[in-house]
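Visitor: Before I ask anything, here is the structure I am working with.
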Amino acid sequence: MKKHSSPPSKSSINIPSSSTISLSKTSTDPLAQDGILVQKYGKLGKILGSGAGGSVRLLTRPSDGLTFAVKEFRPRKSGEQLKDYAKKCTAEFCIGSTLHHPNIIKTLDIAHENGHYFEVMEYCPIDFFAVVMSGKMTRGEINCCLRQITEGVKYLHEMGLAHRDLKLDNCVVTEQGILKLIDFGSAVVFRYPFEENIVKAHGVVGSDPYLAPEVLTKREYDPQPVDIWSIAIIYCCMTLKRFPWKAPKLSDPSYKLYCMPDDNPHDYELSAKQHKELLAKKREEKLRQINAESSSNNGVEKITEVLNETTIAHDKHDEKTNDTEKSIHSTIPVSHDEKDLIHTQNDKKPIPPGEQKPHHRTIHGPYRLMRLLPHASRPIISKMLTVDPNFRATLDDVFNDEWFSSITPCTMNSKGETIHASGHHHTFVKEEEAHLQDYKDQKKPVKQ
């Protein structure tokens, strides 16, 4: 998967010279002294992940046993000025250290040793990519994670910041089910305090499948709708365990089909309403049947049982329908940025003419993707994935949506205590199962 990056734009965080950590060993700044990281936190442990911006390691402080995640920023490039390098390394820390929200990773400290910069963060042990690919997420858990991601992005936007690199890999989860956004290396300021003007961003930043189309087609763009688009792509990944396309380019066949007009008009709001009414009708019929057959002694228990069964049956029906449709019009398997997990059909054996499956009609337009998603989600997800950013859903639209607003997420109170939402549990993938080669073997080939 291709990862894009570009030099910081004028809209990037500006770090005052007084805030830039000196590279001189004679600096009076204690964080600039060699060995300060080891002195304060101990020796670095195993690597948790790596990317273009650097690598993240585990660190356990000997004094109290607390575990942290430490990002070692990439080395200074050949010809890169010391001041520019220091500014780039400290910019991410300056952003992260000012953010305080349950769904944003806590950035705790920064240190400089032997020409390298290290950022100390809280450690969240659950790998979200591994959770999604486990196939164990329930509908309620998916909705909770969607809401938590969006709450985090809402907070960022209220602070005048856009993330610009939202993806599965930049989400981690605590053992209590709290999802947190990480990696602010691509974040930009789009609105400054006491100002109303939107500062446009520029440059291709992010990973191909999550990119909003305007990032590739416009010289400048409002980064807010870019984040909205990426949230919707993440939801599709959670629901389908597939990317809708490799990249939002007309040269990509799947994306080109998505951009075409629908074969038939689709009213997603009406469809969601009718589907909801149909479910309610089925529940009423079941309840009438139970009332007629059950005695008053066990009637309440059976009614509750039927309500639960109806809901479960509905979910299973939707999942079965989605699996059937995916087998006909498959999308691109989700892959990890740092691992080549996108399969091709190069090694696929040709099917004998007599055994070929019947040809299926190609579906054009957004419905090609929307039909695979739960009915209730289609109205707002279709708006979040509107190609023209001028008509794309805003965060206000998202939070005012009937389905989205009905989602109660797990969260944390002001004391840092976890408040678990009812109706679902969170999937926890063991650390040794995350980021493993096994996921390569679990991938299905792309079907064309």
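The chains in the structure tokens are called A, B, ... from first to last as shown; in each chain the residues are counted from 1, and the ligands are counted from 1 in the order shown.
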Identify, on the basis of only C-alpha atoms, every residue whose closest approach to Ile142 of chain A does not exceed 8 Å; exclude the query and any residue fewer than 5 positions from it along the same chain; express the result as a PyMOL selection string.
Guide: chain A and resi 137+235+238-239
Visitor: Could you build a table of the residues in segment 124-191 of chain A lying no more than 12 Å from segment 375-382 of chain A, giving for each the nearest pair of atoms and their separation in Å rounded to one decimal place, using only C-alpha atoms, ordered by chain and ascending residue number, as JSON lines?
Guide:
{"residue": "A:Arg139", "atom": "CA", "partner": "A:Ser377", "partner_atom": "CA", "distance": 11.2}
{"residue": "A:Ile142", "atom": "CA", "partner": "A:Ser377", "partner_atom": "CA", "distance": 11.5}
{"residue": "A:Asn143", "atom": "CA", "partner": "A:Ser377", "partner_atom": "CA", "distance": 9.5}
{"residue": "A:Leu146", "atom": "CA", "partner": "A:Ser377", "partner_atom": "CA", "distance": 11.0}
Visitor: Any chance you could export the current selection's N, CA and C atoms as a short mmCIF file (atom, residue, chain, number, x, y, z; two decimals), in the first residue's frame?
Guide:
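This is the output file out07.cif:
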data_model
loop_
_atom_site.label_atom_id
_atom_site.label_comp_id
_atom_site.auth_asym_id
_atom_site.auth_seq_id
_atom_site.Cartn_x
_atom_site.Cartn_y
_atom_site.Cartn_z
N ARG A 139 -21.83 -6.18 15.18
CA ARG A 139 -22.39 -4.94 14.66
C ARG A 139 -22.33 -3.83 15.71
N ILE A 142 -18.72 -2.57 16.09
CA ILE A 142 -18.34 -1.75 14.93
C ILE A 142 -18.92 -0.34 15.08
N ASN A 143 -20.19 -0.26 15.45
CA ASN A 143 -20.83 1.04 15.61
C ASN A 143 -20.17 1.85 16.73
N LEU A 146 -16.90 3.18 15.43
CA LEU A 146 -17.16 4.29 14.51
C LEU A 146 -17.44 5.57 15.29
#
Visitor: With distances taken over only C-alpha atoms, which of A:His116, A:Lys281, A:Arg191, A:Lys200 is nearest to His157 of chain A?
Guide: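 Using only C-alpha atoms, the shortest distance to His157 of chain A belongs to A:Arg191.
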Visitor: Could you go through segment 140-234 of chain A and tell me which residues DSSP, when run on the backbone, assigns to alpha helix (DSSP H), listing them as a PDB file with C-alpha atoms, in the first residue's frame?
Guide:
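Result saved to selection-v2.pdb:
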ATOM      1  CA  GLY A 140     -22.619  -3.166  18.018  1.00  0.00           C
ATOM      2  CA  GLU A 141     -18.846  -3.123  18.442  1.00  0.00           C
ATOM      3  CA  ILE A 142     -18.344  -1.746  14.929  1.00  0.00           C
ATOM      4  CA  ASN A 143     -20.828   1.040  15.614  1.00  0.00           C
ATOM      5  CA  CYS A 144     -19.168   1.845  18.940  1.00  0.00           C
ATOM      6  CA  CYS A 145     -15.742   2.104  17.282  1.00  0.00           C
ATOM      7  CA  LEU A 146     -17.158   4.292  14.509  1.00  0.00           C
ATOM      8  CA  ARG A 147     -18.644   6.636  17.094  1.00  0.00           C
ATOM      9  CA  GLN A 148     -15.406   6.765  19.106  1.00  0.00           C
ATOM     10  CA  ILE A 149     -13.319   7.558  16.014  1.00  0.00           C
ATOM     11  CA  THR A 150     -15.743  10.298  15.025  1.00  0.00           C
ATOM     12  CA  GLU A 151     -15.775  11.744  18.548  1.00  0.00           C
ATOM     13  CA  GLY A 152     -11.991  11.997  18.393  1.00  0.00           C
ATOM     14  CA  VAL A 153     -12.083  13.691  14.992  1.00  0.00           C
ATOM     15  CA  LYS A 154     -14.801  16.068  16.180  1.00  0.00           C
ATOM     16  CA  TYR A 155     -12.544  17.140  19.042  1.00  0.00           C
ATOM     17  CA  LEU A 156      -9.619  17.688  16.671  1.00  0.00           C
ATOM     18  CA  HIS A 157     -11.736  19.795  14.322  1.00  0.00           C
ATOM     19  CA  GLU A 158     -13.043  21.852  17.228  1.00  0.00           C
ATOM     20  CA  PRO A 213     -10.404  12.112  -4.118  1.00  0.00           C
ATOM     21  CA  GLU A 214      -9.721  15.848  -3.852  1.00  0.00           C
ATOM     22  CA  VAL A 215      -6.347  15.127  -2.219  1.00  0.00           C
ATOM     23  CA  LEU A 216      -5.223  13.694  -5.556  1.00  0.00           C
ATOM     24  CA  THR A 217      -7.045  16.098  -7.873  1.00  0.00           C
ATOM     25  CA  PRO A 223      -8.839  19.096   5.146  1.00  0.00           C
ATOM     26  CA  GLN A 224     -12.069  18.694   7.142  1.00  0.00           C
ATOM     27  CA  PRO A 225     -14.023  16.786   4.451  1.00  0.00           C
ATOM     28  CA  VAL A 226     -10.881  14.709   3.903  1.00  0.00           C
ATOM     29  CA  ASP A 227     -11.173  13.350   7.449  1.00  0.00           C
ATOM     30  CA  ILE A 228     -14.908  12.722   6.959  1.00  0.00           C
ATOM     31  CA  TRP A 229     -14.205  10.605   3.879  1.00  0.00           C
ATOM     32  CA  SER A 230     -11.529   8.582   5.698  1.00  0.00           C
ATOM     33  CA  ILE A 231     -13.874   7.843   8.609  1.00  0.00           C
ATOM     34  CA  ALA A 232     -16.390   6.359   6.170  1.00  0.00           C
ATOM     35  CA  ILE A 233     -13.690   4.229   4.533  1.00  0.00           C
ATOM     36  CA  ILE A 234     -12.707   2.904   7.971  1.00  0.00           C
TER      37      ILE A 234
END
Visitor: Which residue gives the smallest distance to Leu48 of chain A among A:Tyr192, A:Ala272, A:Val172, A:Gly65, with only C-alpha atoms counted?
Guide: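 Of A:Tyr192, A:Ala272, A:Val172, A:Gly65, the one nearest Leu48 of chain A, counting only C-alpha atoms, is A:Val172.
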Visitor: I need the residues of segment 174-209 of chain A that end up classed as strand (DSSP E or B) by DSSP on the backbone, written out as a list in words.
Guide: Leu179, Lys180, Leu181, Val188, Val189, Ala201, Gly206 and Ser207 of chain A
Visitor: Using only N, CA and C atoms, please write the residues we just selected to a file, as a short mmCIF file (atom, residue, chain, number, x, y, z; two decimals), in the first residue's frame.
Guide:
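File produced: selection.cif:
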data_model
loop_
_atom_site.label_atom_id
_atom_site.label_comp_id
_atom_site.auth_asym_id
_atom_site.auth_seq_id
_atom_site.Cartn_x
_atom_site.Cartn_y
_atom_site.Cartn_z
N LEU A 179 -11.10 3.37 22.14
CA LEU A 179 -10.30 3.55 20.92
C LEU A 179 -9.67 4.93 20.91
N LYS A 180 -8.40 4.99 20.51
CA LYS A 180 -7.67 6.25 20.50
C LYS A 180 -6.97 6.47 19.17
N LEU A 181 -7.01 7.71 18.68
CA LEU A 181 -6.33 8.08 17.45
C LEU A 181 -4.87 8.39 17.75
N VAL A 188 -2.67 19.17 10.27
CA VAL A 188 -2.51 20.58 9.91
C VAL A 188 -3.54 21.43 10.65
N VAL A 189 -3.20 22.68 10.84
CA VAL A 189 -4.14 23.65 11.38
C VAL A 189 -4.94 24.23 10.22
N ALA A 201 -5.24 23.13 2.94
CA ALA A 201 -4.06 22.26 2.99
C ALA A 201 -3.67 21.91 1.57
N GLY A 206 -1.14 10.68 3.25
CA GLY A 206 -2.00 9.59 3.67
C GLY A 206 -1.72 8.31 2.92
N SER A 207 -2.60 7.33 3.08
CA SER A 207 -2.46 6.03 2.42
C SER A 207 -3.56 5.87 1.38
#
Visitor: Restricting the calculation to only C-alpha atoms, which member of A:Lys249, A:Tyr117, A:Ser63, A:Glu284 is positioned closest to Ala86 of chain A?
Guide: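 Looking at the shortest contact to Ala86 of chain A, the residue is A:Tyr117.
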